[in-house]
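Some notes on the structure that comes next.
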Amino acid sequence: MKFILGVLSTLVVAILHSTIILAADLPLVESGKLRRNILRSELIAKAIALESFAYDTPQQNRQIRTPRHNTTVNWLKNTLEQYGSYYKTYFQPYPMLLHVAANLTVNEKSLEVYALGMSPSGKAKGPLVHIPNLGCAKSDFPTDLTGKIVLISRGTCQSAIKVAFAGSANAMGAIIYNVNNPLYSSMNGYSLQKTSTPEGPYVPTGGITKADGLDLVAQLDAGVSIIADLSTETVNKTTYNVIAQTTGGDQDNVLLLGAHTDSIAAGPGINDNGSGTNSLLEIAMQLPKYSVKNAVRFGWWTAEEPGLLGSTFYVANLNQSEINKIRLVLNFDMLASPNYIYSIYDGDGSAFNETGPPGSAEAEAAFQNYFTNIAHFNYTEIEFDGRSDYGPFLDVGIPCGGIDTGAEGIKTVEEQAMFGGKAGVAYDINYHGKGDNLSNLHLGAWTEMTKALAHMTALYARSWESLPPRNVSLEAKRMAMEKRSSGGGFGERENLRHV
């Protein structure tokens with residue numbers, strides 16, 4: 001608690017300082033000045049706060065539904081509210097089914113199991129049936145599964161689709177087993193990723209380990225009859241997105257900066273994504289020293305780890321008029337990886353052949369210009385695949401951009417020459433692990449990435465002249481929304497991190 005009190009005292013001093021400045025005639029924000037306001041010590045203080053929130057509980061995490069995730073979002077909102085009329089700050093409540101408990105026996109042998117979020121509570125007992133081919137097509141399932149429980153591998157498509165297909169064939173329940181993929185977290189905290197899906201109704205669903213799943217598959221393939229007895233408990237809980245928008249600046253031309261607030265079950269999540277959370281907060285605390293010509297909105301998204309749920313909910317509740325107001329979304333997820341690279345989302349598709357709506361290429365170019373001509377750092381590109389919370393915005397035609405320092409990917413020899421560190425080692429060896437804490441951050445990389453964020457904030461808070469004309473952006477959004485309303489586009493972007 002001493003750490004928390006010390007951090008909060010630091011924040012209060014900063015807040016009071018900003019409040020005094022608000023009484024003056026504010027100068028227009030400039031990149032150089034806003035970047036000079038970014039201090040490593042302030043980022044560290046915020047990381048200490050988040051880590052203390054997590055380590056103050058036996059679980060030592062900030063996973064959604066936990067008290068310390070609630071502490072995180074309350075801390076963000078309370079901090080921003082101290083700036084008075086500079087921001088309009090509010091919670092967006094998001095009700096969702098969260099896992100509570102589960103039990104599973106197979107032929108009266110107990111297995112470790114977790115209830116999957118978004119699935120209903122219930123009990124199911126019956127013969128276990130293995131579904132081949134990952135269960136991503138209706139043809140993978142028998143036409144009648146009445147009285148049976150299905151066993152399905154995780155992967156390729158969202159588990160919501162697999163479970164819905166099972167439900168449409170009258171299965172009593174479903175068991176999803178994990179796979180060895182560094183993109184995937186454990187089944188503790190995993191969810192179906194969708195509130196509902198047209199493929200069919202959900203049934204009580206549990207998640208088990210890969211080893212247990214493959215053992216069951218082997219027994220079934222050998223002709224062993226297995227009776228599974230599954231009970232799951234999920235509960236309706238409300239979690240929150242935190243939104244803060246400047247009251248100054250053009251409210252019809254908005255820059256939206258986003259980062260997610262939740263960790264996985266394994267650890268405190270100080271890089272993933274305490275780094276993005278705190279970088280946004282530091283920018284939000286420094287911006288009130290300045291005026292803006294275009295409104296700046298900060299979005300701290302809940303429930304990213306179970307499948308981009310908070311940002312998807314936010315986008316789903318925007319009408320066309322509100323979508324049209326958002327000129328650009330910039331996303332910040334993992335900015336302090338210990339074996340870092342400086343990577344920019346490939347908005348123009350030149351590296352990975354996947355482009356975004358008009359304005360995405362220009363956002364990439366602005367980051368490139370910053371790293372080349374202002375910061376004088378090397379950079380590389382990362383796939384523009386909607387893997388993080390910008391994905392739902394892409395699907396309604398909003399241009400996006402962003403940067404990160406790498407996750408589970410392996411640093412190449414070429415990247416070692418560009419950024420230092422160790423080739424053949426993951427960018428963050430603690431990704432989705434217990435060791436994702438302050439002691440394992442690269443503080444220099446984090447500070448520089450936050451300064452890049454500050455530059456982009458100042459650039460677009462002053463002017464949109466580097467983006468395509470507004471009519472081009474509006475046409476892209478209109479076409480995306482037409483595709484969404486006809487049943488395509490929205491929510492269909494492949495996202496291998498969250499299947």
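Chain labels run A, B, ... following the order of the structure tokens; each chain numbers its residues from 1, and ligands are numbered from 1 in the order shown.
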If we count only C-alpha atoms, what is near stretch 28-42 of chain A at a cut-off of 7 Å, once residues fewer than 3 positions away on the same chain are taken out, given as a PDB file with N, CA and C atoms, in the first residue's frame?
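Final output, out_33.pdb:
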```pdb
ATOM      1  N   ALA A  45       6.139   5.303 -12.290  1.00  0.00           N
ATOM      2  CA  ALA A  45       5.206   5.475 -11.173  1.00  0.00           C
ATOM      3  C   ALA A  45       3.860   4.831 -11.482  1.00  0.00           C
ATOM      4  N   LYS A  46       3.411   4.965 -12.705  1.00  0.00           N
ATOM      5  CA  LYS A  46       2.124   4.365 -13.083  1.00  0.00           C
ATOM      6  C   LYS A  46       2.222   2.849 -13.158  1.00  0.00           C
ATOM      7  N   GLN A 286      -0.853  15.125 -19.615  1.00  0.00           N
ATOM      8  CA  GLN A 286      -0.032  16.231 -20.101  1.00  0.00           C
ATOM      9  C   GLN A 286      -0.774  17.124 -21.083  1.00  0.00           C
ATOM     10  N   TYR A 290      -2.330  22.255 -22.915  1.00  0.00           N
ATOM     11  CA  TYR A 290      -2.411  22.812 -24.254  1.00  0.00           C
ATOM     12  C   TYR A 290      -3.862  22.846 -24.740  1.00  0.00           C
ATOM     13  N   SER A 291      -4.082  23.632 -25.785  1.00  0.00           N
ATOM     14  CA  SER A 291      -5.363  23.595 -26.484  1.00  0.00           C
ATOM     15  C   SER A 291      -5.231  22.683 -27.709  1.00  0.00           C
ATOM     16  N   VAL A 292      -6.365  22.293 -28.269  1.00  0.00           N
ATOM     17  CA  VAL A 292      -6.384  21.430 -29.456  1.00  0.00           C
ATOM     18  C   VAL A 292      -7.383  21.998 -30.463  1.00  0.00           C
ATOM     19  N   THR A 447       9.611   4.553 -23.071  1.00  0.00           N
ATOM     20  CA  THR A 447       9.624   6.015 -23.088  1.00  0.00           C
ATOM     21  C   THR A 447       9.599   6.539 -24.515  1.00  0.00           C
ATOM     22  N   LYS A 451       6.697   8.753 -26.504  1.00  0.00           N
ATOM     23  CA  LYS A 451       6.969  10.010 -27.202  1.00  0.00           C
ATOM     24  C   LYS A 451       6.446   9.967 -28.635  1.00  0.00           C
ATOM     25  N   ALA A 454       2.913  10.683 -28.310  1.00  0.00           N
ATOM     26  CA  ALA A 454       2.721  12.118 -28.072  1.00  0.00           C
ATOM     27  C   ALA A 454       2.819  12.902 -29.372  1.00  0.00           C
ATOM     28  N   HIS A 455       3.775  12.534 -30.220  1.00  0.00           N
ATOM     29  CA  HIS A 455       3.909  13.228 -31.505  1.00  0.00           C
ATOM     30  C   HIS A 455       2.647  13.096 -32.343  1.00  0.00           C
ATOM     31  N   ALA A 458      -0.241  15.213 -30.988  1.00  0.00           N
ATOM     32  CA  ALA A 458      -0.108  16.629 -31.323  1.00  0.00           C
ATOM     33  C   ALA A 458      -0.358  16.879 -32.810  1.00  0.00           C
ATOM     34  N   LEU A 459       0.156  15.991 -33.654  1.00  0.00           N
ATOM     35  CA  LEU A 459       0.009  16.153 -35.104  1.00  0.00           C
ATOM     36  C   LEU A 459      -1.459  16.250 -35.495  1.00  0.00           C
TER      37      LEU A 459
END
```
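Nearest to A:Ile175 of all the residues A:Leu43, A:Leu230, A:Ala211, A:Val224 is A:Leu230, counting only C-alpha atoms.
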Could you give me, as a tab-separated table, a per-residue list for stretch 179-292 of chain A showing, wherever an atom lies at most 8 Å from an atom of stretch 146-158 of chain A, the closest pair of atoms and their distance in Å to one decimal, using only C-alpha atoms and sorting by chain then residue number from low to high?
```
residue	atom	partner	partner_atom	distance
A:Val179	CA	A:Arg154	CA	6.4
A:Leu192	CA	A:Gln158	CA	6.7
A:Gln193	CA	A:Gln158	CA	6.8
A:Gly213	CA	A:Ser153	CA	7.7
A:Ala228	CA	A:Ile149	CA	7.1
```
Please report, as a PDB file with N, CA, C and O atoms, in the first residue's frame, each residue of stretch 285-419 of chain A to which DSSP assigns alpha helix (DSSP H) when run on this structure's backbone.
```pdb
ATOM      1  N   MET A 285      -2.719  13.156 -19.201  1.00  0.00           N
ATOM      2  CA  MET A 285      -2.402  14.042 -18.085  1.00  0.00           C
ATOM      3  C   MET A 285      -1.554  15.238 -18.510  1.00  0.00           C
ATOM      4  O   MET A 285      -1.537  16.265 -17.822  1.00  0.00           O
ATOM      5  N   GLN A 286      -0.853  15.125 -19.615  1.00  0.00           N
ATOM      6  CA  GLN A 286      -0.032  16.231 -20.101  1.00  0.00           C
ATOM      7  C   GLN A 286      -0.774  17.124 -21.083  1.00  0.00           C
ATOM      8  O   GLN A 286      -0.491  18.325 -21.177  1.00  0.00           O
ATOM      9  N   LEU A 309     -13.529  -7.787 -26.708  1.00  0.00           N
ATOM     10  CA  LEU A 309     -14.953  -7.658 -26.409  1.00  0.00           C
ATOM     11  C   LEU A 309     -15.347  -6.219 -26.080  1.00  0.00           C
ATOM     12  O   LEU A 309     -16.399  -5.744 -26.504  1.00  0.00           O
ATOM     13  N   GLY A 310     -14.525  -5.511 -25.306  1.00  0.00           N
ATOM     14  CA  GLY A 310     -14.870  -4.141 -24.929  1.00  0.00           C
ATOM     15  C   GLY A 310     -14.897  -3.201 -26.111  1.00  0.00           C
ATOM     16  O   GLY A 310     -15.824  -2.395 -26.268  1.00  0.00           O
ATOM     17  N   SER A 311     -13.883  -3.269 -26.962  1.00  0.00           N
ATOM     18  CA  SER A 311     -13.854  -2.389 -28.140  1.00  0.00           C
ATOM     19  C   SER A 311     -14.938  -2.769 -29.140  1.00  0.00           C
ATOM     20  O   SER A 311     -15.539  -1.890 -29.779  1.00  0.00           O
ATOM     21  N   THR A 312     -15.206  -4.073 -29.279  1.00  0.00           N
ATOM     22  CA  THR A 312     -16.283  -4.495 -30.170  1.00  0.00           C
ATOM     23  C   THR A 312     -17.629  -3.967 -29.689  1.00  0.00           C
ATOM     24  O   THR A 312     -18.449  -3.490 -30.488  1.00  0.00           O
ATOM     25  N   PHE A 313     -17.846  -4.022 -28.386  1.00  0.00           N
ATOM     26  CA  PHE A 313     -19.087  -3.497 -27.812  1.00  0.00           C
ATOM     27  C   PHE A 313     -19.196  -1.995 -28.062  1.00  0.00           C
ATOM     28  O   PHE A 313     -20.269  -1.482 -28.411  1.00  0.00           O
ATOM     29  N   TYR A 314     -18.093  -1.286 -27.896  1.00  0.00           N
ATOM     30  CA  TYR A 314     -18.093   0.163 -28.112  1.00  0.00           C
ATOM     31  C   TYR A 314     -18.481   0.495 -29.551  1.00  0.00           C
ATOM     32  O   TYR A 314     -19.364   1.334 -29.805  1.00  0.00           O
ATOM     33  N   VAL A 315     -17.848  -0.173 -30.505  1.00  0.00           N
ATOM     34  CA  VAL A 315     -18.125   0.104 -31.910  1.00  0.00           C
ATOM     35  C   VAL A 315     -19.562  -0.281 -32.269  1.00  0.00           C
ATOM     36  O   VAL A 315     -20.247   0.445 -33.005  1.00  0.00           O
ATOM     37  N   ALA A 316     -20.033  -1.400 -31.735  1.00  0.00           N
ATOM     38  CA  ALA A 316     -21.387  -1.859 -32.049  1.00  0.00           C
ATOM     39  C   ALA A 316     -22.450  -0.880 -31.571  1.00  0.00           C
ATOM     40  O   ALA A 316     -23.571  -0.880 -32.099  1.00  0.00           O
ATOM     41  N   GLN A 320     -24.168   5.687 -37.156  1.00  0.00           N
ATOM     42  CA  GLN A 320     -23.378   6.120 -38.312  1.00  0.00           C
ATOM     43  C   GLN A 320     -22.828   7.525 -38.131  1.00  0.00           C
ATOM     44  O   GLN A 320     -21.688   7.824 -38.516  1.00  0.00           O
ATOM     45  N   SER A 321     -23.616   8.401 -37.510  1.00  0.00           N
ATOM     46  CA  SER A 321     -23.155   9.765 -37.289  1.00  0.00           C
ATOM     47  C   SER A 321     -21.912   9.797 -36.403  1.00  0.00           C
ATOM     48  O   SER A 321     -20.953  10.531 -36.668  1.00  0.00           O
ATOM     49  N   GLU A 322     -21.924   8.990 -35.348  1.00  0.00           N
ATOM     50  CA  GLU A 322     -20.778   8.951 -34.437  1.00  0.00           C
ATOM     51  C   GLU A 322     -19.571   8.295 -35.098  1.00  0.00           C
ATOM     52  O   GLU A 322     -18.429   8.712 -34.866  1.00  0.00           O
ATOM     53  N   ILE A 323     -19.805   7.278 -35.905  1.00  0.00           N
ATOM     54  CA  ILE A 323     -18.701   6.657 -36.647  1.00  0.00           C
ATOM     55  C   ILE A 323     -18.048   7.672 -37.570  1.00  0.00           C
ATOM     56  O   ILE A 323     -16.820   7.754 -37.673  1.00  0.00           O
ATOM     57  N   ASN A 324     -18.872   8.491 -38.217  1.00  0.00           N
ATOM     58  CA  ASN A 324     -18.345   9.474 -39.166  1.00  0.00           C
ATOM     59  C   ASN A 324     -17.478  10.531 -38.491  1.00  0.00           C
ATOM     60  O   ASN A 324     -16.620  11.133 -39.135  1.00  0.00           O
ATOM     61  N   LYS A 325     -17.695  10.760 -37.217  1.00  0.00           N
ATOM     62  CA  LYS A 325     -16.918  11.782 -36.506  1.00  0.00           C
ATOM     63  C   LYS A 325     -15.486  11.328 -36.214  1.00  0.00           C
ATOM     64  O   LYS A 325     -14.616  12.173 -35.983  1.00  0.00           O
ATOM     65  N   SER A 360      -5.370   4.993 -43.296  1.00  0.00           N
ATOM     66  CA  SER A 360      -4.495   4.052 -42.593  1.00  0.00           C
ATOM     67  C   SER A 360      -3.069   4.121 -43.138  1.00  0.00           C
ATOM     68  O   SER A 360      -2.096   4.086 -42.368  1.00  0.00           O
ATOM     69  N   ALA A 361      -2.932   4.198 -44.451  1.00  0.00           N
ATOM     70  CA  ALA A 361      -1.602   4.315 -45.046  1.00  0.00           C
ATOM     71  C   ALA A 361      -0.930   5.612 -44.626  1.00  0.00           C
ATOM     72  O   ALA A 361       0.272   5.655 -44.352  1.00  0.00           O
ATOM     73  N   GLU A 362      -1.726   6.686 -44.568  1.00  0.00           N
ATOM     74  CA  GLU A 362      -1.179   7.990 -44.172  1.00  0.00           C
ATOM     75  C   GLU A 362      -0.748   7.993 -42.708  1.00  0.00           C
ATOM     76  O   GLU A 362       0.252   8.635 -42.347  1.00  0.00           O
ATOM     77  N   ALA A 363      -1.476   7.271 -41.859  1.00  0.00           N
ATOM     78  CA  ALA A 363      -1.068   7.157 -40.449  1.00  0.00           C
ATOM     79  C   ALA A 363       0.258   6.413 -40.346  1.00  0.00           C
ATOM     80  O   ALA A 363       1.146   6.795 -39.577  1.00  0.00           O
ATOM     81  N   GLU A 364       0.398   5.339 -41.123  1.00  0.00           N
ATOM     82  CA  GLU A 364       1.676   4.623 -41.140  1.00  0.00           C
ATOM     83  C   GLU A 364       2.804   5.543 -41.586  1.00  0.00           C
ATOM     84  O   GLU A 364       3.890   5.570 -40.998  1.00  0.00           O
ATOM     85  N   ALA A 365       2.545   6.326 -42.644  1.00  0.00           N
ATOM     86  CA  ALA A 365       3.565   7.244 -43.154  1.00  0.00           C
ATOM     87  C   ALA A 365       3.957   8.291 -42.111  1.00  0.00           C
ATOM     88  O   ALA A 365       5.133   8.675 -42.017  1.00  0.00           O
ATOM     89  N   ALA A 366       2.985   8.740 -41.318  1.00  0.00           N
ATOM     90  CA  ALA A 366       3.288   9.729 -40.274  1.00  0.00           C
ATOM     91  C   ALA A 366       4.187   9.126 -39.206  1.00  0.00           C
ATOM     92  O   ALA A 366       5.119   9.789 -38.717  1.00  0.00           O
ATOM     93  N   PHE A 367       3.926   7.892 -38.836  1.00  0.00           N
ATOM     94  CA  PHE A 367       4.820   7.209 -37.884  1.00  0.00           C
ATOM     95  C   PHE A 367       6.208   7.029 -38.499  1.00  0.00           C
ATOM     96  O   PHE A 367       7.234   7.231 -37.829  1.00  0.00           O
ATOM     97  N   GLN A 368       6.261   6.625 -39.759  1.00  0.00           N
ATOM     98  CA  GLN A 368       7.551   6.444 -40.427  1.00  0.00           C
ATOM     99  C   GLN A 368       8.349   7.742 -40.449  1.00  0.00           C
ATOM    100  O   GLN A 368       9.561   7.754 -40.193  1.00  0.00           O
ATOM    101  N   ASN A 369       7.663   8.830 -40.761  1.00  0.00           N
ATOM    102  CA  ASN A 369       8.330  10.128 -40.776  1.00  0.00           C
ATOM    103  C   ASN A 369       8.868  10.480 -39.395  1.00  0.00           C
ATOM    104  O   ASN A 369       9.988  11.008 -39.265  1.00  0.00           O
ATOM    105  N   GLY A 391      -9.190  -3.616 -34.475  1.00  0.00           N
ATOM    106  CA  GLY A 391      -9.899  -4.452 -35.429  1.00  0.00           C
ATOM    107  C   GLY A 391     -11.360  -4.082 -35.630  1.00  0.00           C
ATOM    108  O   GLY A 391     -11.815  -3.936 -36.779  1.00  0.00           O
ATOM    109  N   PRO A 392     -12.156  -3.920 -34.559  1.00  0.00           N
ATOM    110  CA  PRO A 392     -13.571  -3.554 -34.741  1.00  0.00           C
ATOM    111  C   PRO A 392     -13.763  -2.222 -35.454  1.00  0.00           C
ATOM    112  O   PRO A 392     -14.771  -2.036 -36.147  1.00  0.00           O
ATOM    113  N   PHE A 393     -12.816  -1.298 -35.296  1.00  0.00           N
ATOM    114  CA  PHE A 393     -12.932  -0.006 -35.977  1.00  0.00           C
ATOM    115  C   PHE A 393     -12.652  -0.157 -37.477  1.00  0.00           C
ATOM    116  O   PHE A 393     -13.307   0.474 -38.307  1.00  0.00           O
ATOM    117  N   LEU A 394     -11.678  -1.000 -37.824  1.00  0.00           N
ATOM    118  CA  LEU A 394     -11.433  -1.280 -39.235  1.00  0.00           C
ATOM    119  C   LEU A 394     -12.689  -1.795 -39.914  1.00  0.00           C
ATOM    120  O   LEU A 394     -12.979  -1.459 -41.066  1.00  0.00           O
ATOM    121  N   VAL A 413      17.796 -12.017 -36.973  1.00  0.00           N
ATOM    122  CA  VAL A 413      19.155 -11.469 -37.001  1.00  0.00           C
ATOM    123  C   VAL A 413      19.132 -10.043 -37.536  1.00  0.00           C
ATOM    124  O   VAL A 413      19.851  -9.159 -37.035  1.00  0.00           O
ATOM    125  N   GLU A 414      18.312  -9.814 -38.554  1.00  0.00           N
ATOM    126  CA  GLU A 414      18.200  -8.462 -39.119  1.00  0.00           C
ATOM    127  C   GLU A 414      17.664  -7.480 -38.084  1.00  0.00           C
ATOM    128  O   GLU A 414      18.151  -6.326 -37.990  1.00  0.00           O
ATOM    129  N   GLU A 415      16.675  -7.910 -37.321  1.00  0.00           N
ATOM    130  CA  GLU A 415      16.115  -7.032 -36.288  1.00  0.00           C
ATOM    131  C   GLU A 415      17.110  -6.794 -35.160  1.00  0.00           C
ATOM    132  O   GLU A 415      17.144  -5.707 -34.574  1.00  0.00           O
ATOM    133  N   GLN A 416      17.935  -7.776 -34.857  1.00  0.00           N
ATOM    134  CA  GLN A 416      18.980  -7.570 -33.849  1.00  0.00           C
ATOM    135  C   GLN A 416      19.942  -6.471 -34.297  1.00  0.00           C
ATOM    136  O   GLN A 416      20.362  -5.629 -33.491  1.00  0.00           O
ATOM    137  N   ALA A 417      20.280  -6.471 -35.587  1.00  0.00           N
ATOM    138  CA  ALA A 417      21.167  -5.435 -36.104  1.00  0.00           C
ATOM    139  C   ALA A 417      20.510  -4.058 -36.039  1.00  0.00           C
ATOM    140  O   ALA A 417      21.195  -3.044 -35.833  1.00  0.00           O
ATOM    141  N   MET A 418      19.179  -4.010 -36.178  1.00  0.00           N
ATOM    142  CA  MET A 418      18.456  -2.740 -36.180  1.00  0.00           C
ATOM    143  C   MET A 418      18.192  -2.203 -34.780  1.00  0.00           C
ATOM    144  O   MET A 418      18.222  -0.999 -34.550  1.00  0.00           O
ATOM    145  N   PHE A 419      17.906  -3.127 -33.813  1.00  0.00           N
ATOM    146  CA  PHE A 419      17.416  -2.686 -32.510  1.00  0.00           C
ATOM    147  C   PHE A 419      18.236  -3.198 -31.328  1.00  0.00           C
ATOM    148  O   PHE A 419      17.947  -2.835 -30.182  1.00  0.00           O
TER     149      PHE A 419
END
```
So, with only C-alpha atoms as the atoms that count, which of A:Asn319, A:Thr89, A:Ser231, A:Thr247 lies closest to A:Val73?
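Closest to A:Val73 of all the choices is A:Thr89.
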Fewer than 4 positions away in the same chain doesn't count, so skip those; otherwise give me all residues within 7 Å of A:Asn170, counting only C-alpha atoms, as number ranges by chain.
A: 144-146, 166
DSSP-assigned strand (DSSP E) members of stretch 126-356 of chain A, reported as a ChimeraX atom specification:
/A:126-130,149-153,173-177,205-208,227-246,250-260,294-301,326-332,343-345
To one decimal in Å, tell me the separation between atom CA of A:Asp385 and atom CA of A:Asp346.
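We find that atom CA of A:Asp385 and atom CA of A:Asp346 lie 8.9 Å from each other.
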So which one's closest to A:Val217, A:Leu330, A:Val129, A:Thr205, A:His432? Using only C-alpha atoms, please.
A:Val129
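Residues in contact with stretch 78-87 of chain A at up to 6 Å, not including ones fewer than 3 positions away on its chain and judged by only C-alpha atoms, are A:Asn74, A:Trp75, A:Ala244, A:Gln245, A:Thr246, A:Thr247.
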For stretch 62-67 of chain A, find every residue with an atom within 9 Å (counting only C-alpha atoms), except residues of its own chain fewer than 5 positions away, and show them as a ChimeraX atom specification.
/A:50-51,53-54,57,72,98-99,189,237-239,261-269,302-303,305-306
Between A:Ala426, A:Ile226, A:Ile283, A:Ile176, which one has atoms that come closest to A:Asn107, using only C-alpha atoms?
A:Ile226
Shortest interatomic distance to A:Phe352 - which of A:Tyr90, A:Phe384, A:Tyr340, A:Phe377, counting only C-alpha atoms:
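The shortest atom-to-atom distance to A:Phe352 comes from A:Phe384.
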A:Ile341, A:Ala375, A:Tyr460, A:Gly356 ranked by distance to A:Gly406, top pick (using only C-alpha atoms):
A:Ile341
Would you kindly return, as number ranges by chain, each protein, DNA or RNA residue with an atom no farther than 8 Å from any atom of A:Trp446, considering only C-alpha atoms and excluding same-chain residues fewer than 6 positions away?
A: 275, 335-337
For N, CA and C atoms, I'd like the residues from the last selection saved as a compact mmCIF listing (two decimals), in the first residue's frame.
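Here's the written file result-v4.txt:
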```
# COMPACT_ATOMS: atom_id res chain seq x y z
N SER A 275 1.52 -1.13 -20.26
CA SER A 275 2.34 -0.12 -20.94
C SER A 275 1.48 0.79 -21.80
N LEU A 335 4.08 -1.74 -25.39
CA LEU A 335 5.05 -0.71 -25.78
C LEU A 335 6.38 -0.83 -25.04
N ALA A 336 6.58 -1.90 -24.26
CA ALA A 336 7.77 -1.97 -23.40
C ALA A 336 8.39 -3.36 -23.39
N SER A 337 8.31 -4.07 -24.50
CA SER A 337 8.84 -5.44 -24.55
C SER A 337 10.34 -5.45 -24.30
```
